[in-house]
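Asks: Contents of protein-v9.csv (CSV, C-alpha atoms):
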chain,number,residue,atom,x,y,z
A,1,MET,CA,-45.0,67.4,21.9
A,2,LYS,CA,-42.2,68.6,19.7
A,3,LYS,CA,-39.6,67.5,22.2
A,4,LEU,CA,-41.2,64.1,22.6
A,5,ALA,CA,-41.3,63.6,18.9
A,6,ILE,CA,-37.6,64.5,18.6
A,7,ALA,CA,-36.8,62.1,21.5
A,8,ALA,CA,-38.8,59.4,19.9
A,9,LEU,CA,-37.1,59.9,16.6
A,10,ALA,CA,-33.7,59.9,18.3
A,11,LEU,CA,-34.5,56.6,20.0
A,12,ILE,CA,-35.7,55.2,16.6
A,13,LEU,CA,-32.4,56.3,15.0
A,14,ILE,CA,-30.4,54.8,17.9
A,15,ALA,CA,-32.3,51.6,17.7
A,16,GLY,CA,-32.0,51.5,14.0
A,17,GLY,CA,-28.3,52.2,14.2
A,18,ALA,CA,-27.8,49.5,16.8
A,19,ALA,CA,-29.8,47.0,14.7
A,20,PHE,CA,-27.8,47.9,11.6
A,21,TYR,CA,-24.6,47.5,13.6
A,22,VAL,CA,-25.6,44.1,14.8
A,23,TRP,CA,-26.9,43.1,11.3
A,24,ASN,CA,-23.8,44.3,9.6
A,25,GLY,CA,-21.5,42.7,12.2
A,26,LEU,CA,-23.0,39.3,11.6
A,27,GLN,CA,-22.7,39.5,7.8
A,28,PRO,CA,-20.0,37.5,6.0
A,29,VAL,CA,-16.6,39.0,5.5
A,30,GLN,CA,-15.4,39.7,2.0
A,31,SER,CA,-15.3,36.5,-0.1
A,32,SER,CA,-12.1,34.8,-1.0
A,33,ASP,CA,-11.2,31.5,-2.7
A,34,ALA,CA,-8.2,30.9,-0.4
A,35,PRO,CA,-9.3,28.4,2.3
A,36,VAL,CA,-8.5,29.2,6.0
A,37,GLU,CA,-7.7,26.4,8.4
A,38,PHE,CA,-8.6,26.7,12.1
A,39,THR,CA,-8.4,24.3,15.0
A,40,VAL,CA,-11.0,24.1,17.9
A,41,GLU,CA,-9.1,22.6,20.8
A,42,PRO,CA,-10.9,20.2,23.2
A,43,GLY,CA,-12.5,22.2,26.0
A,44,MET,CA,-12.3,25.5,24.1
A,45,SER,CA,-14.9,28.0,25.3
A,46,THR,CA,-17.4,29.6,22.8
A,47,SER,CA,-15.8,32.9,23.6
A,48,SER,CA,-12.4,31.7,22.5
A,49,ILE,CA,-13.9,30.1,19.4
A,50,ALA,CA,-15.5,33.4,18.4
A,51,ASP,CA,-12.2,35.2,19.0
A,52,LEU,CA,-10.4,32.5,16.9
A,53,LEU,CA,-12.8,33.0,14.0
A,54,GLU,CA,-12.3,36.8,14.0
A,55,ASP,CA,-8.5,36.4,14.2
A,56,LYS,CA,-8.6,34.1,11.2
A,57,GLY,CA,-10.7,36.6,9.3
A,58,LEU,CA,-13.7,34.4,9.0
A,59,ILE,CA,-16.2,36.7,10.9
A,60,LYS,CA,-16.3,40.5,11.4
A,61,ASN,CA,-17.2,40.8,15.1
A,62,ALA,CA,-16.4,38.2,17.7
A,63,LEU,CA,-18.4,40.1,20.4
A,64,LEU,CA,-21.6,39.9,18.4
A,65,LEU,CA,-21.1,36.2,17.7
A,66,LYS,CA,-20.6,35.6,21.4
A,67,GLY,CA,-23.9,37.4,22.1
A,68,TYR,CA,-25.6,35.3,19.5
A,69,LEU,CA,-24.2,32.0,20.9
A,70,LYS,CA,-25.3,33.0,24.4
A,71,LEU,CA,-28.8,33.8,23.3
A,72,THR,CA,-29.3,30.7,21.1
A,73,ASN,CA,-27.2,28.3,23.2
A,74,GLU,CA,-25.7,26.9,20.0
A,75,GLY,CA,-22.2,27.1,21.4
A,76,SER,CA,-22.8,24.1,23.7
A,77,ARG,CA,-22.6,21.7,20.7
A,78,LEU,CA,-19.4,22.9,18.9
A,79,MET,CA,-17.0,20.0,18.4
A,80,ALA,CA,-13.2,20.0,18.6
A,81,GLY,CA,-11.2,19.4,15.5
A,82,THR,CA,-9.4,21.1,12.6
A,83,TYR,CA,-11.7,22.8,10.2
A,84,GLU,CA,-11.3,24.6,6.9
A,85,ALA,CA,-13.5,27.3,5.5
A,86,THR,CA,-13.3,30.2,2.9
A,87,PRO,CA,-13.8,33.8,3.9
A,88,GLY,CA,-17.3,34.8,3.0
A,89,THR,CA,-18.9,31.7,4.5
A,90,PRO,CA,-22.0,32.8,6.6
A,91,PHE,CA,-21.4,32.4,10.3
A,92,GLN,CA,-24.4,30.1,10.5
A,93,ASP,CA,-22.7,27.7,8.1
A,94,LEU,CA,-19.5,27.9,10.2
A,95,LEU,CA,-21.5,27.0,13.3
A,96,THR,CA,-23.2,24.1,11.5
A,97,MET,CA,-19.9,22.8,10.3
A,98,MET,CA,-18.6,22.8,13.9
A,99,ASN,CA,-21.9,21.4,15.3
A,100,ASN,CA,-21.7,18.5,12.9
A,101,GLY,CA,-17.9,17.9,13.4
A,102,GLU,CA,-17.3,18.4,9.7
A,103,VAL,CA,-13.5,18.5,10.2
A,104,LYS,CA,-11.0,19.0,7.4
A,105,PRO,CA,-10.2,15.7,5.7
A,106,GLU,CA,-6.8,14.4,6.7
A,107,GLU,CA,-4.2,14.7,3.9
A,108,MET,CA,-3.3,11.2,2.8
A,109,VAL,CA,-0.5,9.6,0.9
A,110,ARG,CA,-1.6,6.9,-1.5
A,111,PHE,CA,0.6,4.4,-3.3
A,112,THR,CA,0.1,1.1,-5.1
A,113,ILE,CA,2.6,-1.8,-4.9
A,114,PRO,CA,2.0,-4.3,-7.7
A,115,GLU,CA,2.2,-8.0,-7.1
A,116,GLY,CA,5.7,-9.3,-7.7
A,117,PHE,CA,7.5,-6.1,-6.8
A,118,THR,CA,10.9,-6.4,-5.1
A,119,VAL,CA,11.7,-4.2,-2.0
A,120,ALA,CA,14.0,-2.2,-4.3
A,121,GLN,CA,11.1,-1.4,-6.6
A,122,MET,CA,8.8,-0.7,-3.6
A,123,ALA,CA,11.3,1.7,-2.1
A,124,GLU,CA,11.5,3.6,-5.4
A,125,LYS,CA,7.7,3.7,-5.8
A,126,ILE,CA,7.0,4.7,-2.2
A,127,SER,CA,9.7,7.5,-2.4
A,128,GLU,CA,8.1,8.9,-5.5
A,129,GLU,CA,4.6,9.1,-3.8
A,130,SER,CA,5.6,10.1,-0.3
A,131,GLY,CA,8.9,11.9,-0.6
A,132,ILE,CA,10.5,9.6,2.0
A,133,ASP,CA,14.1,8.8,1.2
A,134,GLU,CA,14.4,5.6,-0.9
A,135,LYS,CA,17.5,4.5,1.0
A,136,GLU,CA,15.7,4.8,4.3
A,137,ILE,CA,13.1,2.3,3.2
A,138,LEU,CA,15.8,-0.1,1.9
A,139,ASP,CA,17.8,0.1,5.1
A,140,LEU,CA,14.6,-0.9,7.0
A,141,ALA,CA,14.1,-3.8,4.6
A,142,ASP,CA,17.6,-5.0,5.6
A,143,GLN,CA,16.8,-4.7,9.3
A,144,SER,CA,16.4,-8.0,11.1
A,145,SER,CA,15.3,-6.8,14.5
A,146,GLY,CA,12.8,-4.4,16.0
A,147,TRP,CA,9.8,-5.8,14.2
A,148,ASP,CA,7.1,-6.8,16.8
A,149,ILE,CA,5.0,-8.5,14.1
A,150,PRO,CA,4.6,-12.3,13.9
A,151,VAL,CA,5.4,-12.8,10.2
A,152,ALA,CA,8.7,-10.9,10.6
A,153,ALA,CA,9.7,-13.3,13.4
A,154,GLU,CA,9.5,-16.2,10.9
A,155,ILE,CA,12.4,-14.8,8.8
A,156,PRO,CA,15.7,-16.6,9.6
A,157,GLU,CA,18.8,-14.7,10.5
A,158,ASP,CA,20.6,-15.5,7.3
A,159,PRO,CA,23.5,-13.4,6.0
A,160,GLU,CA,22.8,-14.7,2.5
A,161,LEU,CA,19.4,-12.9,2.3
A,162,LYS,CA,19.7,-10.0,-0.2
A,163,HIS,CA,17.1,-8.1,1.8
A,164,HIS,CA,15.8,-9.4,5.1
A,165,LEU,CA,12.1,-8.3,4.5
A,166,GLU,CA,12.0,-9.3,0.8
A,167,GLY,CA,8.7,-11.0,0.1
A,168,TYR,CA,7.1,-10.0,3.4
A,169,LEU,CA,5.7,-6.6,2.5
A,170,PHE,CA,2.3,-7.2,1.0
A,171,PRO,CA,1.6,-5.9,-2.5
A,172,ALA,CA,-1.6,-3.7,-2.3
A,173,THR,CA,-2.9,-0.2,-2.5
A,174,TYR,CA,-2.2,1.8,0.7
A,175,GLU,CA,-3.6,5.1,1.8
A,176,LEU,CA,-1.9,6.5,4.9
A,177,PRO,CA,-2.2,9.9,6.8
A,178,LYS,CA,0.5,12.2,5.6
A,179,LYS,CA,0.9,13.7,9.1
A,180,ASP,CA,3.7,11.9,11.0
A,181,LEU,CA,4.2,9.5,8.0
A,182,SER,CA,7.5,7.6,8.4
A,183,ALA,CA,9.4,4.9,6.5
A,184,LYS,CA,9.2,2.6,9.5
A,185,GLY,CA,5.5,3.2,9.8
A,186,ILE,CA,5.0,2.3,6.2
A,187,VAL,CA,7.0,-0.9,6.5
A,188,GLU,CA,5.2,-1.9,9.6
A,189,THR,CA,1.8,-1.3,7.9
A,190,MET,CA,2.9,-3.5,5.0
A,191,LEU,CA,4.1,-6.3,7.3
A,192,LYS,CA,0.8,-6.2,9.2
A,193,GLU,CA,-1.1,-6.4,5.9
A,194,THR,CA,0.7,-9.6,5.1
A,195,ALA,CA,-0.4,-11.1,8.4
A,196,LYS,CA,-3.9,-9.8,7.9
A,197,ARG,CA,-4.2,-11.2,4.3
A,198,LEU,CA,-2.9,-14.6,5.4
A,199,GLU,CA,-5.9,-14.9,7.7
A,200,GLU,CA,-8.1,-14.8,4.6
A,201,ILE,CA,-6.9,-18.4,3.9
A,202,PRO,CA,-8.9,-20.8,6.1
A,203,ASN,CA,-6.6,-22.9,8.4
A,204,TRP,CA,-3.5,-21.8,6.5
A,205,GLU,CA,-1.2,-22.7,9.5
A,206,GLU,CA,-2.6,-26.3,9.6
A,207,GLN,CA,-2.1,-26.5,5.8
A,208,LEU,CA,1.5,-25.2,6.2
A,209,LYS,CA,2.2,-27.9,8.8
A,210,ALA,CA,0.7,-30.6,6.5
A,211,ARG,CA,2.8,-29.3,3.6
A,212,GLY,CA,6.0,-29.9,5.6
A,213,VAL,CA,7.7,-26.6,4.8
A,214,THR,CA,8.6,-23.6,7.0
A,215,PHE,CA,6.7,-20.4,6.6
A,216,HIS,CA,9.9,-18.8,5.1
A,217,GLU,CA,10.1,-21.6,2.5
A,218,LEU,CA,6.4,-21.2,1.7
A,219,MET,CA,6.9,-17.5,1.0
A,220,THR,CA,10.0,-18.2,-1.1
A,221,ILE,CA,8.1,-20.7,-3.2
A,222,ALA,CA,5.1,-18.3,-3.5
A,223,SER,CA,7.5,-15.6,-4.7
A,224,LEU,CA,8.9,-17.9,-7.4
A,225,VAL,CA,5.4,-18.7,-8.6
A,226,GLU,CA,4.6,-15.0,-8.6
A,227,ARG,CA,7.5,-14.1,-10.8
A,228,GLU,CA,7.0,-17.1,-13.1
A,229,VAL,CA,3.3,-17.1,-13.7
A,230,VAL,CA,0.8,-14.5,-15.0
A,231,VAL,CA,-2.3,-16.6,-15.5
A,232,ASP,CA,-3.9,-17.4,-12.2
A,233,HIS,CA,-5.1,-20.9,-13.0
A,234,GLU,CA,-1.5,-22.0,-13.7
A,235,ARG,CA,-0.2,-21.0,-10.3
A,236,PRO,CA,-0.9,-24.2,-8.5
A,237,LEU,CA,0.5,-26.3,-11.4
A,238,VAL,CA,3.8,-24.3,-11.5
A,239,ALA,CA,4.0,-24.6,-7.7
A,240,GLY,CA,3.6,-28.4,-8.1
A,241,VAL,CA,6.5,-28.4,-10.6
A,242,ILE,CA,8.7,-26.6,-8.1
A,243,TYR,CA,7.8,-29.2,-5.4
A,244,ASN,CA,8.4,-32.0,-7.8
A,245,ARG,CA,11.9,-30.8,-8.7
A,246,LEU,CA,12.8,-30.2,-5.1
A,247,GLU,CA,11.7,-33.8,-4.2
A,248,GLN,CA,13.8,-35.2,-7.0
A,249,ASP,CA,16.8,-33.1,-5.9
A,250,MET,CA,16.8,-31.3,-9.3
A,251,LYS,CA,18.0,-27.8,-9.7
A,252,LEU,CA,15.0,-25.5,-10.1
A,253,GLU,CA,16.6,-23.5,-13.0
A,254,ILE,CA,14.2,-20.6,-12.6
A,255,ASP,CA,15.0,-17.6,-14.7
A,256,ALA,CA,13.4,-15.2,-12.2
A,257,THR,CA,16.0,-16.0,-9.6
A,258,VAL,CA,18.7,-14.9,-11.9
A,259,GLN,CA,16.8,-11.8,-12.9
A,260,TYR,CA,16.6,-11.0,-9.2
A,261,LEU,CA,20.4,-10.7,-9.1
A,262,LEU,CA,20.6,-8.2,-12.0
A,263,ASP,CA,20.6,-4.5,-11.6
A,264,LYS,CA,17.9,-4.3,-14.3
A,265,PRO,CA,15.8,-7.2,-15.6
A,266,LYS,CA,16.7,-8.4,-19.1
A,267,GLU,CA,14.2,-9.4,-21.7
A,268,ARG,CA,16.3,-12.5,-22.4
A,269,LEU,CA,19.0,-14.0,-20.2
A,270,LEU,CA,22.4,-14.9,-21.6
A,271,TYR,CA,24.3,-18.1,-20.8
A,272,ALA,CA,26.8,-15.9,-18.9
A,273,ASP,CA,24.0,-14.6,-16.7
A,274,LEU,CA,23.2,-18.2,-15.7
A,275,GLU,CA,26.8,-18.6,-14.4
A,276,VAL,CA,26.5,-15.8,-11.9
A,277,LYS,CA,27.8,-17.1,-8.5
A,278,SER,CA,25.1,-16.5,-6.0
A,279,PRO,CA,23.0,-18.7,-3.6
A,280,TYR,CA,20.0,-17.2,-5.5
A,281,ASN,CA,21.1,-18.6,-8.8
A,282,THR,CA,19.0,-21.8,-9.1
A,283,TYR,CA,20.9,-22.7,-12.3
A,284,ARG,CA,24.0,-23.3,-10.1
A,285,GLN,CA,22.5,-24.1,-6.7
A,286,LYS,CA,20.2,-26.9,-5.8
A,287,GLY,CA,17.2,-26.3,-3.6
A,288,LEU,CA,15.4,-23.0,-2.8
A,289,PRO,CA,17.1,-19.7,-2.8
A,290,PRO,CA,17.8,-18.2,0.6
A,291,GLY,CA,14.5,-16.3,0.6
A,292,PRO,CA,11.8,-14.7,-1.5
A,293,ILE,CA,12.7,-12.9,-4.7
A,294,ALA,CA,9.6,-10.6,-4.6
A,295,SER,CA,6.4,-10.0,-2.8
A,296,PRO,CA,3.8,-12.7,-3.7
A,297,SER,CA,0.1,-12.2,-4.2
A,298,LEU,CA,-2.4,-14.1,-2.0
A,299,GLU,CA,-3.1,-16.4,-5.0
A,300,SER,CA,0.6,-17.4,-5.2
A,301,ILE,CA,0.7,-18.1,-1.5
A,302,LYS,CA,-2.4,-20.2,-1.8
A,303,ALA,CA,-0.8,-22.1,-4.7
A,304,ALA,CA,2.3,-22.7,-2.7
A,305,LEU,CA,0.1,-24.1,0.1
A,306,ASN,CA,-2.0,-26.2,-2.2
A,307,PRO,CA,0.1,-27.1,-5.3
A,308,GLU,CA,-1.6,-29.1,-8.1
A,309,LYS,CA,-0.4,-32.7,-8.2
A,310,SER,CA,1.2,-33.8,-11.5
A,311,ASP,CA,4.2,-35.6,-12.9
A,312,TYR,CA,5.4,-32.4,-14.6
A,313,LEU,CA,9.1,-31.4,-14.1
A,314,PHE,CA,9.4,-28.7,-16.8
A,315,TYR,CA,7.5,-25.8,-18.3
A,316,VAL,CA,8.2,-23.2,-21.0
A,317,THR,CA,6.3,-20.0,-21.9
A,318,LYS,CA,4.0,-20.2,-25.0
A,319,LYS,CA,5.1,-17.5,-27.4
A,320,ASP,CA,1.5,-16.9,-28.6
A,321,GLY,CA,0.7,-13.9,-26.4
A,322,THR,CA,-1.4,-15.9,-23.9
A,323,GLN,CA,1.4,-15.9,-21.3
A,324,GLU,CA,0.5,-19.5,-20.5
A,325,HIS,CA,3.0,-22.4,-20.4
A,326,LEU,CA,3.6,-25.8,-22.0
A,327,PHE,CA,4.3,-28.5,-19.4
A,328,ALA,CA,6.4,-31.6,-19.8
A,329,LYS,CA,7.2,-34.7,-17.7
A,330,THR,CA,10.5,-35.5,-19.3
A,331,TYR,CA,13.4,-33.4,-20.7
A,332,LYS,CA,12.7,-34.8,-24.2
A,333,GLU,CA,9.1,-33.6,-24.0
A,334,HIS,CA,10.4,-30.3,-22.7
A,335,LEU,CA,12.7,-29.8,-25.7
A,336,LYS,CA,9.8,-30.5,-28.0
A,337,ASN,CA,7.7,-27.9,-26.2
A,338,ILE,CA,10.5,-25.4,-26.6
A,339,GLU,CA,10.4,-25.9,-30.4
A,340,THR,CA,6.6,-25.7,-30.4
A,341,SER,CA,6.8,-22.4,-28.5
A,342,LYS,CA,9.3,-21.0,-31.0
A,343,LYS,CA,7.0,-21.9,-33.9
A,344,MET,CA,4.2,-20.1,-32.1
A,345,GLY,CA,6.3,-17.0,-32.0
A,346,GLN,CA,7.1,-17.2,-35.7
A,347,GLN,CA,3.4,-17.4,-36.5
A,348,GLU,CA,2.6,-14.1,-34.8
Go ahead and express the file in the form of C-alpha cells.
Replies:
Amino acid sequence: MKKLAIAALALILIAGGAAFYVWNGLQPVQSSDAPVEFTVEPGMSTSSIADLLEDKGLIKNALLLKGYLKLTNEGSRLMAGTYEATPGTPFQDLLTMMNNGEVKPEEMVRFTIPEGFTVAQMAEKISEESGIDEKEILDLADQSSGWDIPVAAEIPEDPELKHHLEGYLFPATYELPKKDLSAKGIVETMLKETAKRLEEIPNWEEQLKARGVTFHELMTIASLVEREVVVDHERPLVAGVIYNRLEQDMKLEIDATVQYLLDKPKERLLYADLEVKSPYNTYRQKGLPPGPIASPSLESIKAALNPEKSDYLFYVTKKDGTQEHLFAKTYKEHLKNIETSKKMGQQE
C-alpha cells in the first residue's frame, strides 16, 4: 500500500509538473511597450507561424502553441499579412488578431496642396511631407512624355511653357502609402485626380466644345480665375471679363501672370515688373499666356466653362477686406472704381 501511495503521489507530481509546464509555457512573455512587427506569408504553416512568434519574442514556447493549435484547429483560419504586437500580449489575442486579419496599418504620407499653388510650390510642399527631392518633382513637371493619362495628352509641345504640367496637378489632400512612394507615382496620382474631378462636371466635354476653346486654353483661363478671385460667386463673372477682353483683342493685363514670373510674389507690382519680357506677361502680350499659371480649383474650371455674360471689361479689388471686386464696362468707369477702392482702404 505504501508503494502504491508513493507511486500515486509521484504520478500526481509528474502530472502537476507537466500541467504547470504547459500552463507556464502558454503564459505571456514579459511585457514591453516596444511593438514587434511580424509577417505571416501566404501559405505559411501553423508550425512556422508558431516558430516565428517565438523567434520574435512574442510567445515563450512554440511547441506548446503548435499543440494547442492542433487540438483546437484554430490554425486553419490564420490570415497572411504584416502584424504588430507588443510583448506581453496573450497568445489568444495574437491568434484573434491573425484570425481577423487585423494587419498593421500601412504607413502613409499625407500632404495638402492648396488651390492656386504652382508646381514649384507643390514640389516644395511635397518634399517637406515626403522627403522626396524637390528637384525630382520639378523635373517631372517639365517632362512632356511618358504620361499615359488623357489630360496630359492635351498639353501642347510648347517650348514657351514654364513647366509642362503646370495647372494639371489637381489641388487636394492626398494620402499615399509610404512604401514604394516615388515622385513619379505622386505626379501620376495628381494627374489622374484632375481627370477624375473633371468627371464631376456633367457633360464638360460637350460644354468645352460649345465654348470654342481647347482644353489647354480652358485650364489656362481657369488658372487665371483661380489666381485673381477669392470669392466663389465672382469666378464666373471674372471669367466672363477674360473672354470679353480676348474677343475684343485687348491685352488681359492680369497681375497674376506677372507674379508667376517672379521668384517670390510681391504685395504690390512695380511698373518695371510690368515690362518684363515674357510670353506670360499679359501687360505686354495679347491673348492668353502659353499655359496655366497655377492649379485651378474645380470651381474655377466650372467658371471657365460657363462664364457669366456681361459687358464688363475691367475689375479692381475692393480695399475693404471683402476680397471682392468692382467691375466696369469702360476705362473711365474703371478709373473711378480705382479711386473708390482707394477710399475704402483709407477708411479701414
Asks: Which of these, A:Pro87, A:Gly287, A:Pro171, A:Gly81, has the shortest distance to A:Glu41 once you count all atoms listed in the file?
Replies: A:Gly81
Asks: Neighbouring residues of stretch 177-179 of chain A were defined as those with any atom within 12 Å, considering only C-alpha atoms; residues of the same chain fewer than 6 positions away were excluded. Please report them as number ranges by chain.
Replies: A: 105-111, 129-132, 185-186, 189
Asks: What would the list of residues within 9 Å of (-3.4, -30.8, -8.2) (file frame) look like as a PyMOL selection string, if only C-alpha atoms are what count?
Replies: chain A and resi 236-237+240+306-310
Asks: For A:Arg77, which residue among A:Pro202, A:Pro28, A:Gly57, A:Gly43 is the nearest when counting all atoms listed in the file?
Replies: A:Gly43
Asks: Work out how far apart atom CA of A:Glu324 and atom CA of A:Val231 are and give it in Å to one decimal.
Replies: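 These two atoms are separated by 6.4 Å.
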Asks: Taking only C-alpha atoms into account, name the residue in A:Leu274, A:Leu261, A:Phe314, A:Asp255 that is nearest to A:Ile242.
Replies: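 Checking each of A:Leu274, A:Leu261, A:Phe314, A:Asp255 against A:Ile242, counting only C-alpha atoms, the winner is A:Phe314.
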Asks: Write out as a PDB file with C-alpha atoms, in the coordinates of the input each polymer residue whose atoms come within 10 Å of A:Gly75, counting only C-alpha atoms; drop sequence neighbours fewer than 5 positions from it.
Replies:
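Wrote result.pdb, looks like this:
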ATOM      1  CA  SER A  45     -14.900  28.000  25.300  1.00  0.00           C
ATOM      2  CA  THR A  46     -17.400  29.600  22.800  1.00  0.00           C
ATOM      3  CA  SER A  47     -15.800  32.900  23.600  1.00  0.00           C
ATOM      4  CA  ILE A  49     -13.900  30.100  19.400  1.00  0.00           C
ATOM      5  CA  ALA A  50     -15.500  33.400  18.400  1.00  0.00           C
ATOM      6  CA  LEU A  65     -21.100  36.200  17.700  1.00  0.00           C
ATOM      7  CA  LYS A  66     -20.600  35.600  21.400  1.00  0.00           C
ATOM      8  CA  TYR A  68     -25.600  35.300  19.500  1.00  0.00           C
ATOM      9  CA  LEU A  69     -24.200  32.000  20.900  1.00  0.00           C
ATOM     10  CA  LYS A  70     -25.300  33.000  24.400  1.00  0.00           C
ATOM     11  CA  LEU A  95     -21.500  27.000  13.300  1.00  0.00           C
ATOM     12  CA  MET A  98     -18.600  22.800  13.900  1.00  0.00           C
ATOM     13  CA  ASN A  99     -21.900  21.400  15.300  1.00  0.00           C
TER      14      ASN A  99
END
Asks: What is the atom CA of A:Glu228-atom CA of A:Ala120 distance in Å, reported with one decimal?
Replies: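 Distance reported for this atom pair: 18.7 Å.
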Asks: Measuring between all atoms listed in the file, which one of A:Gly88, A:Gly167, A:Gly101, A:Gly67 shows the shortest distance to A:Ala34?
Replies: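 The closest residue to A:Ala34 is A:Gly88.
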Asks: Restricting the calculation to only C-alpha atoms, which member of A:Arg197, A:Lys104, A:Lys209, A:Arg227 is positioned closest to A:Glu37?
Replies: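 Result for the nearest residue to A:Glu37: A:Lys104.
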Asks: Of the candidates A:Glu247, A:Asp263, A:Asp273, A:Asp51, which one gets nearest to A:Gly212 if we count only C-alpha atoms?
Replies: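 Closest residue, counting only C-alpha atoms: A:Glu247.
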Asks: Could you state the separation of atom CA of A:Ala304 and atom CA of A:Leu218 in Å, given to one decimal place?
Replies: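 Those two atoms sit 6.2 Å apart.
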Asks: Using all atoms listed in the file, find all polymer residues with an atom at most 9 Å away from the point (7.6, 5.7, 6.0); report them as a ChimeraX atom specification.
Replies: /A:126-127,130,132-133,136-137,180-188
